[in-house]
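query.txt (compact mmCIF, C-alpha atoms and all ligand atoms)
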```
# COMPACT_ATOMS: atom_id res chain seq x y z
CA MET A 1 89.46 -23.53 72.45
CA ALA A 2 88.03 -22.66 69.04
CA ALA A 3 87.04 -19.07 68.50
CA THR A 4 83.41 -18.72 67.67
CA ALA A 5 82.76 -16.05 65.13
CA ASP A 6 79.55 -14.71 66.60
CA LYS A 7 80.45 -14.36 70.28
CA CYS A 8 82.85 -12.11 72.21
CA GLU A 9 85.78 -14.23 73.35
CA ILE A 10 85.82 -12.50 76.72
CA CYS A 11 82.21 -12.08 77.86
CA SER A 12 80.54 -14.57 75.46
CA ASP A 13 77.83 -12.05 74.48
CA ASN A 14 76.70 -12.16 70.88
CA PHE A 15 78.28 -9.51 68.71
CA THR A 16 75.77 -6.83 67.89
CA ASN A 17 77.77 -4.55 65.64
CA LYS A 18 81.53 -4.18 65.57
CA VAL A 19 84.06 -6.86 66.36
CA PHE A 20 87.33 -5.69 67.92
CA ILE A 21 90.53 -7.63 67.42
CA VAL A 22 93.03 -7.33 70.26
CA GLU A 23 96.42 -8.85 70.93
CA ASP A 24 96.56 -11.12 73.94
CA PRO A 25 100.11 -10.54 75.25
CA VAL A 26 100.13 -13.65 77.44
CA ARG A 27 98.86 -16.24 74.98
CA LEU A 28 100.29 -14.42 71.95
CA ILE A 29 97.11 -14.72 69.95
CA LYS A 30 94.55 -12.32 68.53
CA ARG A 31 91.20 -12.30 70.26
CA HIS A 32 87.83 -11.15 68.92
CA ILE A 33 85.98 -9.10 71.48
CA CYS A 34 82.94 -6.85 71.71
CA LEU A 35 82.80 -3.07 72.07
CA LYS A 36 81.96 -3.27 75.78
CA CYS A 37 84.99 -5.48 76.56
CA SER A 38 87.28 -3.35 74.41
CA LYS A 39 86.34 -0.29 76.48
CA SER A 40 86.17 -1.95 79.88
CA LYS A 41 88.09 -0.32 82.71
CA THR A 42 88.04 -3.55 84.71
CA VAL A 43 91.15 -5.22 83.39
CA CYS A 44 93.26 -8.20 84.31
CA SER A 45 96.51 -7.28 86.08
CA ILE A 46 98.39 -9.89 84.04
CA CYS A 47 97.17 -9.61 80.44
CA GLY A 48 95.57 -6.15 80.56
CA LEU A 49 92.42 -7.35 78.79
CA ALA A 50 88.90 -6.96 80.15
CA ALA A 51 87.85 -9.15 83.03
CA VAL A 52 84.16 -9.93 83.51
CA PRO A 53 82.41 -10.36 86.88
CA ARG A 54 81.18 -13.88 86.14
CA THR A 55 84.68 -15.33 85.69
CA GLN A 56 87.18 -12.87 87.14
CA ARG A 57 89.16 -13.38 90.31
CA ILE A 58 89.68 -10.48 92.73
CA LEU A 59 92.77 -10.77 94.90
CA GLU A 60 92.84 -9.53 98.49
CA ASP A 61 95.07 -6.60 97.47
CA GLY A 62 92.53 -5.47 94.88
CA ARG A 63 94.18 -6.81 91.73
CA ILE A 64 91.87 -8.46 89.25
CA LEU A 65 92.68 -11.53 87.19
CA CYS A 66 90.76 -12.61 84.10
CA GLU A 67 89.43 -16.14 83.85
CA LEU A 68 92.43 -17.56 81.99
CA ASP A 69 95.11 -15.89 84.12
CA GLY A 70 93.19 -16.57 87.33
CA ARG A 71 93.67 -20.26 86.62
CA GLY A 72 97.40 -20.00 86.01
CA ALA A 73 98.47 -17.45 88.61
CA ILE A 74 100.59 -18.50 91.58
CA LEU A 75 98.49 -17.77 94.67
CA ASN A 76 99.31 -20.67 96.92
CA GLU A 77 102.25 -20.50 99.31
CA ASP A 78 103.15 -24.21 99.08
CA GLU A 79 103.15 -24.12 95.31
CA ALA A 80 105.26 -20.95 95.40
CA LYS A 81 107.82 -22.54 97.72
CA ALA A 82 108.00 -25.65 95.54
CA ILE A 83 108.68 -23.54 92.44
CA PHE A 84 111.27 -21.53 94.32
CA GLU A 85 113.11 -24.70 95.44
CA GLU A 86 113.13 -26.03 91.91
CA VAL A 87 114.42 -22.77 90.43
CA LYS A 88 116.99 -22.47 93.21
CA ARG A 89 118.41 -25.89 92.33
CA GLU A 90 118.65 -24.97 88.66
CA VAL A 91 120.40 -21.68 89.38
CA GLN A 92 122.75 -23.48 91.79
CA SER A 93 123.72 -25.84 88.98
CA MET A 94 124.66 -22.80 86.86
CA LEU A 95 126.76 -21.35 89.67
CA ASN A 96 128.15 -24.36 91.52
CA ARG A 97 131.48 -24.42 89.70
CA PHE A 98 132.22 -21.01 91.22
CA GLY A 99 132.20 -22.17 94.82
CA SER A 100 129.70 -22.35 97.63
CA PHE A 101 126.20 -20.93 97.42
CA PRO A 102 123.30 -20.09 99.74
CA ASP A 103 120.91 -22.96 100.24
CA ALA A 104 119.14 -23.87 103.48
CA ASN A 105 119.58 -20.32 104.76
CA VAL A 106 117.20 -18.87 102.16
CA SER A 107 113.47 -18.58 102.95
CA ALA A 108 110.93 -17.67 100.31
CA HIS A 109 107.66 -15.94 101.18
CA LEU A 110 104.69 -15.43 98.90
CA VAL A 111 103.14 -12.03 99.58
CA ASN A 112 100.31 -9.97 98.12
CA ARG A 113 100.99 -6.48 96.82
CA THR A 114 99.97 -4.71 100.02
CA ASP A 115 102.37 -6.75 102.15
CA PHE A 116 105.07 -6.54 99.51
CA ILE A 117 104.99 -2.74 99.55
CA LYS A 118 104.92 -2.69 103.33
CA GLU A 119 107.96 -4.95 103.48
CA TYR A 120 109.74 -2.85 100.86
CA PHE A 121 109.39 0.37 102.86
CA ARG A 122 110.63 -1.15 106.10
CA LYS A 123 114.13 -0.23 104.86
CA PRO A 124 115.60 2.72 102.98
CA ALA A 125 114.55 2.29 99.38
CA VAL A 126 115.10 3.86 95.98
CA ASP A 127 112.77 2.06 93.58
CA ASP A 128 109.03 2.18 93.02
CA PRO A 129 107.75 -1.02 94.67
CA GLU A 130 104.67 -1.00 92.40
CA LYS A 131 107.02 -2.02 89.62
CA LEU A 132 108.87 -4.71 91.54
CA LEU A 133 107.98 -8.37 91.70
CA GLY A 134 110.50 -9.64 94.19
CA LEU A 135 112.64 -8.42 97.07
CA THR A 136 115.59 -9.94 98.88
CA ARG A 137 116.73 -9.14 102.41
CA SER A 138 120.06 -10.54 103.51
CA VAL A 139 121.06 -10.28 107.13
CA SER A 140 124.46 -11.04 108.51
CA GLU A 141 126.18 -9.91 111.66
CA ASP A 142 129.69 -10.66 110.53
CA ARG A 143 129.47 -11.52 106.83
CA THR A 144 129.33 -15.20 107.55
CA ASN A 145 126.13 -16.82 108.86
CA PHE A 146 123.82 -15.15 106.36
CA GLN A 147 120.05 -15.39 106.59
CA HIS A 148 118.12 -14.49 103.45
CA HIS A 149 114.45 -13.70 103.11
CA ILE A 150 112.97 -13.47 99.65
CA TYR A 151 109.55 -11.87 99.17
CA LEU A 152 107.80 -12.92 95.98
CA LEU A 153 104.71 -11.15 94.66
CA SER A 154 101.69 -13.42 94.34
CA GLY A 155 99.39 -13.51 91.32
CA LEU A 156 102.04 -13.92 88.60
CA LEU A 157 102.02 -16.63 85.98
CA ARG A 158 104.45 -19.47 86.48
CA PRO A 159 107.13 -18.50 83.91
CA GLN A 160 107.38 -14.97 85.25
CA PHE A 161 107.22 -16.14 88.85
CA ALA A 162 110.05 -18.62 88.23
CA SER A 163 112.13 -15.91 86.60
CA VAL A 164 111.64 -13.66 89.65
CA CYS A 165 112.76 -16.59 91.84
CA ALA A 166 115.95 -16.90 89.75
CA HIS A 167 116.60 -13.16 89.98
CA GLU A 168 116.11 -12.94 93.74
CA TYR A 169 118.07 -16.09 94.49
CA THR A 170 120.96 -14.56 92.54
CA HIS A 171 120.85 -11.58 94.91
CA THR A 172 121.48 -13.93 97.84
CA TRP A 173 124.42 -15.47 95.98
CA LEU A 174 125.88 -12.02 95.26
CA ASN A 175 125.30 -10.85 98.81
CA GLU A 176 127.19 -13.80 100.28
CA ARG A 177 130.12 -13.28 97.96
CA SER A 178 130.38 -9.54 98.37
CA LYS A 179 133.61 -8.06 99.66
CA PRO A 180 134.69 -4.52 100.44
CA SER A 181 137.22 -4.58 97.61
CA ARG A 182 134.53 -5.01 94.94
CA THR A 183 132.10 -2.26 93.99
CA LEU A 184 129.20 -2.83 91.65
CA ASN A 185 126.73 -0.27 90.45
CA LYS A 186 123.14 -1.03 91.51
CA ASP A 187 122.08 -1.32 87.86
CA THR A 188 124.86 -3.83 87.29
CA VAL A 189 123.82 -5.91 90.27
CA GLU A 190 120.27 -5.96 88.89
CA GLY A 191 121.62 -6.66 85.40
CA PHE A 192 123.50 -9.71 86.66
CA CYS A 193 120.41 -11.03 88.47
CA GLU A 194 118.45 -10.50 85.25
CA LEU A 195 121.16 -12.33 83.29
CA ILE A 196 120.62 -15.41 85.46
CA ALA A 197 116.82 -15.06 85.15
CA TRP A 198 117.22 -14.70 81.39
CA LYS A 199 119.46 -17.78 81.14
CA TYR A 200 117.00 -19.75 83.24
CA SER A 201 113.99 -18.61 81.17
CA SER A 202 115.80 -19.19 77.87
CA ALA A 203 116.71 -22.75 78.90
CA LYS A 204 113.06 -23.38 79.75
CA GLY A 205 111.86 -21.93 76.45
CA HIS A 206 109.83 -19.24 78.20
CA THR A 207 109.92 -16.80 75.29
CA ASN A 208 107.34 -14.42 76.74
CA GLU A 209 109.49 -14.06 79.81
CA THR A 210 112.82 -13.66 78.02
CA GLY A 211 111.15 -10.97 75.92
CA ARG A 212 109.93 -9.18 79.04
CA ILE A 213 113.43 -9.28 80.54
CA LEU A 214 114.96 -7.76 77.42
CA GLU A 215 112.36 -5.00 77.18
CA ASN A 216 112.48 -4.05 80.84
CA THR A 217 114.45 -0.83 81.35
CA TYR A 218 114.95 -1.46 85.09
CA THR A 219 118.68 -2.23 84.73
CA ARG A 220 119.29 0.75 82.44
CA GLY A 221 120.70 -1.50 79.77
CA GLN A 222 123.04 -3.54 81.96
CA ILE A 223 121.15 -6.74 81.11
CA HIS A 224 121.99 -6.23 77.42
CA ALA A 225 125.62 -5.52 78.22
CA MET A 226 125.75 -8.68 80.37
CA ILE A 227 124.31 -10.88 77.64
CA ALA A 228 126.66 -9.36 75.07
CA ALA A 229 129.64 -9.88 77.38
CA GLU A 230 128.72 -13.50 77.98
CA GLN A 231 128.27 -14.12 74.27
CA ARG A 232 131.53 -12.43 73.34
CA PHE A 233 133.60 -14.08 76.07
CA ASP A 234 131.94 -16.66 78.30
CA PHE A 235 130.04 -17.04 81.55
CA ARG A 236 133.20 -17.67 83.57
CA ARG A 237 134.63 -14.28 82.46
CA VAL A 238 131.43 -12.54 83.49
CA ILE A 239 131.65 -14.18 86.93
CA ASP A 240 135.34 -13.26 87.26
CA TRP A 241 134.46 -9.68 86.42
CA ILE A 242 131.55 -9.64 88.89
CA GLU A 243 133.96 -10.84 91.59
CA SER A 244 137.01 -8.75 90.89
CA GLY A 245 136.55 -6.49 87.87
CA GLU A 246 138.12 -3.04 87.73
CA ASP A 247 134.94 -1.26 86.68
CA SER A 248 131.65 -1.06 88.52
CA TRP A 249 129.48 -1.46 85.43
CA ILE A 250 129.74 -2.84 81.91
CA ASP A 251 130.03 -0.41 79.04
CA LYS A 252 128.35 -2.15 76.14
CA ASP A 253 130.62 -0.35 73.66
CA HIS A 254 133.73 -1.58 75.47
CA LEU A 255 132.96 -5.13 76.44
CA GLU A 256 136.67 -5.98 76.54
CA GLN A 257 136.83 -4.02 79.80
CA ILE A 258 135.34 -7.00 81.57
CA LEU A 259 138.70 -8.70 81.12
CA ARG A 260 140.33 -6.09 83.36
CA LEU A 261 140.50 -7.54 86.84
CA LYS A 262 141.78 -5.99 90.02
CA ASP A 263 144.77 -7.60 91.60
CA ASP A 264 144.67 -5.59 94.79
CA PRO A 265 142.02 -7.24 96.93
CA SER A 266 142.14 -4.72 99.74
CA ASP A 267 140.67 -1.50 98.38
CA LEU A 268 139.32 0.06 101.54
CA THR A 269 137.40 2.88 99.91
CA ALA A 270 134.99 0.65 98.03
CA THR A 271 131.38 0.10 98.97
CA PRO A 272 130.45 -3.52 99.47
CA LEU A 273 127.99 -4.51 96.79
CA TRP A 274 125.60 -6.04 99.28
CA GLN A 275 124.70 -2.69 100.78
CA GLN A 276 121.72 -2.30 98.44
CA THR A 277 119.79 -5.13 99.96
CA THR A 278 121.43 -5.96 103.23
CA VAL A 279 119.74 -5.06 106.45
CA ARG A 280 122.13 -3.10 108.56
CA THR A 281 121.67 -3.66 112.22
CA GLU A 282 123.71 -0.68 113.23
CA VAL A 283 123.87 2.85 111.82
CA PRO A 284 126.49 5.41 112.90
CA LYS A 285 125.38 8.03 115.44
CA THR A 286 126.95 10.78 113.34
CA LEU A 287 127.04 11.36 109.59
CA ARG A 288 129.76 9.20 108.11
CA LEU A 289 130.98 8.55 104.61
CA ARG A 290 131.22 4.79 104.35
CA GLY A 291 132.19 4.38 100.73
CA ILE A 292 132.27 5.76 97.20
CA SER A 293 131.27 3.67 94.24
CA GLY A 294 130.72 4.10 90.54
CA GLY A 295 133.02 6.10 88.34
CA GLY A 296 133.24 8.97 85.86
CA SER A 297 130.09 11.06 85.92
CA ARG A 298 128.08 8.43 87.82
CA ARG A 299 129.37 8.24 91.31
CA PHE A 300 127.61 7.23 94.45
CA ALA A 301 128.45 8.04 98.03
CA LEU A 302 127.29 5.76 100.81
CA VAL A 303 126.46 8.01 103.76
CA ASN A 304 125.30 6.00 106.79
CA ASP A 305 122.54 3.87 105.28
CA ARG A 306 121.92 5.76 102.04
CA THR A 307 123.55 5.86 98.64
CA LEU A 308 123.51 9.35 97.15
CA GLU A 309 124.24 10.77 93.73
CA VAL A 310 125.28 14.40 93.15
CA GLY A 311 122.19 16.61 93.36
CA GLU A 312 120.16 14.04 95.22
CA SER A 313 118.36 14.79 98.50
CA ALA A 314 117.55 12.00 100.89
CA LYS A 315 116.69 11.08 104.42
CA VAL A 316 119.68 9.47 106.07
CA ARG A 317 119.53 7.49 109.26
CA VAL A 318 121.68 8.84 112.08
CA GLY A 319 121.50 6.69 115.20
CA ASP A 320 117.80 6.40 115.95
CA SER A 321 116.62 9.41 113.95
CA ASN A 322 116.91 10.86 110.45
CA VAL A 323 118.58 13.84 108.82
CA VAL A 324 117.73 15.20 105.38
CA VAL A 325 120.85 15.95 103.35
CA ARG A 326 121.58 17.03 99.81
CA CYS A 327 124.67 15.74 98.05
CA LEU A 328 126.59 18.67 96.50
CA SER A 329 129.67 16.88 95.20
CA ILE A 330 131.53 13.59 95.35
CA GLU A 331 135.32 13.44 95.26
CA ASP A 332 137.65 10.44 95.31
CA ALA A 333 137.41 9.96 99.05
CA ALA A 334 135.10 12.73 100.24
CA VAL A 335 131.59 14.02 99.84
CA THR A 336 130.12 17.50 100.39
CA LEU A 337 126.63 17.61 101.87
CA GLU A 338 124.15 20.34 102.64
CA ILE A 339 122.28 19.54 105.83
CA GLU A 340 118.65 20.50 106.40
CA PRO A 341 117.13 22.59 107.83
CA THR A 342 120.11 24.90 108.49
CA LYS A 343 121.72 24.41 105.04
CA GLU A 344 125.00 23.89 106.81
CA ARG A 345 127.67 22.49 104.52
CA ARG A 346 129.73 19.58 105.68
CA VAL A 347 132.55 17.67 104.06
CA LEU A 348 132.81 14.00 105.05
CA LYS A 349 135.97 12.06 104.40
CA ILE A 350 136.44 8.33 104.24
CA THR A 351 137.91 6.88 107.36
CA PRO A 352 139.52 3.60 106.39
CA LYS A 353 138.04 0.64 108.22
CA VAL A 354 140.28 -1.21 110.58
CA SER A 355 139.76 -4.85 109.94
CA LYS A 356 139.56 -7.19 112.87
ZN ZN B 1 94.30 -11.90 81.95
ZN ZN B 2 116.96 -7.32 91.90
```

Mind converting the file's structure to structure tokens?
Amino acid sequence: MAATADKCEICSDNFTNKVFIVEDPVRLIKRHICLKCSKSKTVCSICGLAAVPRTQRILEDGRILCELDGRGAILNEDEAKAIFEEVKREVQSMLNRFGSFPDANVSAHLVNRTDFIKEYFRKPAVDDPEKLLGLTRSVSEDRTNFQHHIYLLSGLLRPQFASVCAHEYTHTWLNERSKPSRTLNKDTVEGFCELIAWKYSSAKGHTNETGRILENTYTRGQIHAMIAAEQRFDFRRVIDWIESGEDSWIDKDHLEQILRLKDDPSDLTATPLWQQTTVRTEVPKTLRLRGISGGGSRRFALVNDRTLEVGESAKVRVGDSNVVVRCLSIEDAAVTLEIEPTKERRVLKITPKVSK
């Protein structure tokens, strides 16, 4: 579409005085717009530029899409499922040399923001769902027979939507392969899922999306460490480390640490990495320390259904109710909690699981 010099490229009104030049972050072009559009508070949830009543699209959750993004956004469940299946197959081809992978046991659901947030808060949660685009729930009674449900936010453009599909599918893969002997930091889990999304998007030439992945601070830098580790060694080494590395996260200044693998596969004190997203059907009726993960100054204690850092307060499920606790300290195999409302202090120790 050729830009006409005398009309606003958003509302098509004739320019009366000033012309404003704005960057369109989706189409990566400069657009000439009028004063009214430059100041508009009604903006597109994808590109952030003004949307005008004549051409905008209002989603059922209140988000607004401009004319151009309204045409490209994924809003149809069948289309969403088809994209998911296609991305799933591509990610499987990246991972198939490392053994079995989830396939028919994964269901994808397209949800609007309201339903996404509702689904997110059905389980204990640590992130701000407003900032999330996808969510994976893995359910398994016995660590075999997994069922995975992936919730994908509607109203995204195809490249971003596909990248979210790759990220969430990778969660199901990780969840199925998790074992008690392997602990991964939450940021590292997210970093690995982003690595797969980044590889997928790079292969497709989706430069907007690869840029977004690299700028996103959600993984606290683990995505950059992952990419650097893959480039310095190779993908196989990254997978080996994910499965049996010594450390729970990658230090970007010491990438060689990913070569250190554990040879003892039965470390009973570790937290299974799937605890972040797995639905637990059963929660202890008393406070119990179920695992310690992380290392150095960043340690996490898994108490019943919650992961806690030192200084953190949280609601923890105990049987059918909740208790608010504050984490005072984390030792090698113990945690000290302060329990509300009495401020009683309690030390919980790890009781090794008896495997059946
Ligand atoms: Zn837009
Ligand atoms: Zn994730």

Which residues come within 9 Å of segment 219-229 of chain A, counting all atoms listed in the file, excluding same-chain residues fewer than 6 positions away, as a PyMOL selection string? chain A and resi 186-195+198+213+235+237-238+249-253+255-256+258

With distances taken over all atoms listed in the file, the candidate from A:Leu289, A:Leu302, A:Thr183, A:Asp332 nearest Lys262 of chain A is A:Thr183

Could you work out how far atom CA of His149 of chain A lies from atom CA of Leu135 of chain A, giving the answer in Å with one decimal?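 Spanning atom CA of Leu135 of chain A to atom CA of His149 of chain A is a straight-line distance of 8.2 Å.
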
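Taking atom CA of Ile339 of chain A and atom CA of Asn322 of chain A as the two end points, the separation is 11.2 Å.
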
At a cut-off of 12 Å around the point (93.2, -5.6, 84.3) (file coordinates), what residues fall inside when counting only C-alpha atoms? I'd like the answer as a list of chain:residue names. A:Cys37, A:Ser38, A:Lys39, A:Ser40, A:Lys41, A:Thr42, A:Val43, A:Cys44, A:Ser45, A:Ile46, A:Cys47, A:Gly48, A:Leu49, A:Ala50, A:Ala51, A:Val52, A:Gln56, A:Arg57, A:Ile58, A:Leu59, A:Gly62, A:Arg63, A:Ile64, A:Leu65, A:Cys66, A:Glu67, A:Asp69, A:Gly70

Could you please determine the separation between atom CA of Leu132 of chain A and atom CA of Tyr151 of chain A in Å, to one decimal place? 10.5 Å

Pick the closest to ligand ZN 2 (chain B) from A:Thr172, A:Glu312, A:Asp263, A:Ser321: which is it, counting all atoms listed in the file?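 When distances to ligand ZN 2 (chain B) are compared using all atoms listed in the file, the smallest one comes from A:Thr172.
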
Missing atoms in segment 144-163 of chain A: fill them in up to N, CA and C atoms and send the result as a compact mmCIF listing (two decimals), in the frame of the given file.
```txt
# COMPACT_ATOMS: atom_id res chain seq x y z
N THR A 144 129.40 -13.74 107.74
CA THR A 144 129.33 -15.20 107.55
C THR A 144 127.87 -15.49 107.88
N ASN A 145 127.49 -16.59 108.38
CA ASN A 145 126.13 -16.82 108.86
C ASN A 145 125.03 -15.92 108.28
N PHE A 146 124.87 -15.95 106.98
CA PHE A 146 123.82 -15.15 106.36
C PHE A 146 122.45 -15.78 106.55
N GLN A 147 121.44 -14.93 106.68
CA GLN A 147 120.05 -15.39 106.59
C GLN A 147 119.40 -14.56 105.50
N HIS A 148 118.75 -15.21 104.56
CA HIS A 148 118.12 -14.49 103.45
C HIS A 148 116.61 -14.70 103.47
N HIS A 149 115.90 -13.60 103.27
CA HIS A 149 114.45 -13.70 103.11
C HIS A 149 114.09 -13.12 101.76
N ILE A 150 113.38 -13.91 100.98
CA ILE A 150 112.97 -13.47 99.65
C ILE A 150 111.46 -13.33 99.64
N TYR A 151 110.98 -12.14 99.25
CA TYR A 151 109.55 -11.87 99.17
C TYR A 151 109.15 -11.88 97.71
N LEU A 152 108.21 -12.74 97.37
CA LEU A 152 107.80 -12.92 95.98
C LEU A 152 106.34 -12.49 95.84
N LEU A 153 106.08 -11.65 94.85
CA LEU A 153 104.71 -11.15 94.66
C LEU A 153 103.81 -12.27 94.13
N SER A 154 102.66 -12.40 94.77
CA SER A 154 101.69 -13.42 94.34
C SER A 154 100.97 -12.97 93.07
N GLY A 155 100.23 -13.88 92.46
CA GLY A 155 99.39 -13.51 91.32
C GLY A 155 100.14 -13.34 90.02
N LEU A 156 101.32 -13.94 89.88
CA LEU A 156 102.04 -13.92 88.60
C LEU A 156 101.87 -15.29 87.95
N LEU A 157 102.04 -15.34 86.66
CA LEU A 157 102.02 -16.63 85.98
C LEU A 157 103.34 -17.35 86.23
N ARG A 158 103.30 -18.66 86.12
CA ARG A 158 104.45 -19.47 86.48
C ARG A 158 105.78 -19.08 85.82
N PRO A 159 105.83 -18.83 84.52
CA PRO A 159 107.13 -18.50 83.91
C PRO A 159 107.73 -17.21 84.48
N GLN A 160 106.88 -16.22 84.70
CA GLN A 160 107.38 -14.97 85.25
C GLN A 160 107.76 -15.15 86.72
N PHE A 161 106.95 -15.89 87.43
CA PHE A 161 107.22 -16.14 88.85
C PHE A 161 108.57 -16.86 89.00
N ALA A 162 108.80 -17.86 88.16
CA ALA A 162 110.05 -18.62 88.23
C ALA A 162 111.24 -17.72 87.90
N SER A 163 111.05 -16.82 86.96
CA SER A 163 112.13 -15.91 86.60
C SER A 163 112.45 -14.95 87.75
```
